[in-house]
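A short write-up of the structure that comes next.
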Amino acid sequence: MKSITINGSQRESVGKKATKALRNAGQVPCVLYGGDKPVHFSAPELAFSKLVYTPNAHTVVIELENGGTLNAVLQDIQFHPVTDNILHVDFYQLFEDKEIALDIPVHLVGNSRGVKNGGVLRKNNRKLRIKALPASLPDFIEIDITPLKIGDKVAVGDLPSGDYTFLHSDNTVVCQIKTARTAIVDEEEEEEEGAEGVEGAEGTTEGGAEAPAAEGAAQE
């Protein structure tokens, strides 16, 4: 998984006055959990743009002024209710031998056959939560929807898990092709129905030919 580096300054004062002063200076107060003790630091608000305003998932490399480097993932973020400015960010520290739970975006690729025939693609889950070691975290989960026909769906149980575990039940629907008013029958179904129609027509013709012959025989 790709990483984003955030340069921060460790802070000793964590009171309301110190926090307010940081925000007024364009800094965001942050806390890193998961280690021996919480690490309080601050970073410029612009440093979070590539981490927050994106649908992609990233790990974070926190580089502190004292020379310390810590690996982490974004755990929680608070925004101002009016201005949408970032008020506070919580991180969780990563360790190579410790699994972490993270929401990973779903990427759908291909052109669905059902959509071509007028069906509607519904994305039930745009992200899936998985559990894995940091080195096994994928950038995204890719699903090829090309073979899906109208009425078909893809559930978590249909996906290969690789080196991670899905934290959803197997019947959780990720995407599906729903019927629309303008939808047409798939070509295979049309061919099957056409074949049945021909067989039915032949049977009727044979039956119709036999009936008059029987009537003629009776008249004789």
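Simple scheme: letters A, B, ... for chains in structure tokens order, numbers from 1 for residues in each chain, numbers from 1 for ligands in the order shown.
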
For this session: Write out as a PyMOL selection string all residues of range 10-204 of chain A that DSSP puts in strand (DSSP E or B) for this structure's backbone.
Result: chain A and resi 10+27-33+39-44+59-64+69-79+86-93+100-109+120-123+127-132+141-144+153-155+165-166+173-178

For this session: Find the residues near Gly157 in chain A: any atom within 10 Å, counting only C-alpha atoms, skip ones fewer than 5 places away on the same chain, and give them as a count of residues only.
Result: 8

Problem set entry | Selection near range 89-96 of chain A, 6 Å with only C-alpha atoms, sequence-local residues under 4 positions removed, as a PyMOL selection string | chain A and resi 30-34+71-77

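Here the question is which of A:Ile177, A:Ile86, A:Leu137, A:Ile100 gets nearest to Asn24 in chain A using only C-alpha atoms, and that residue is A:Ile86.
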
For this session: Check range 45-93 of chain A with DSSP on the backbone and list each residue it calls alpha helix (DSSP H), as a list in words.
Result: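 Secondary structure check on range 45-93 of chain A, alpha helix (DSSP H): Ser49, Lys50, Leu51 and Val52 of chain A.
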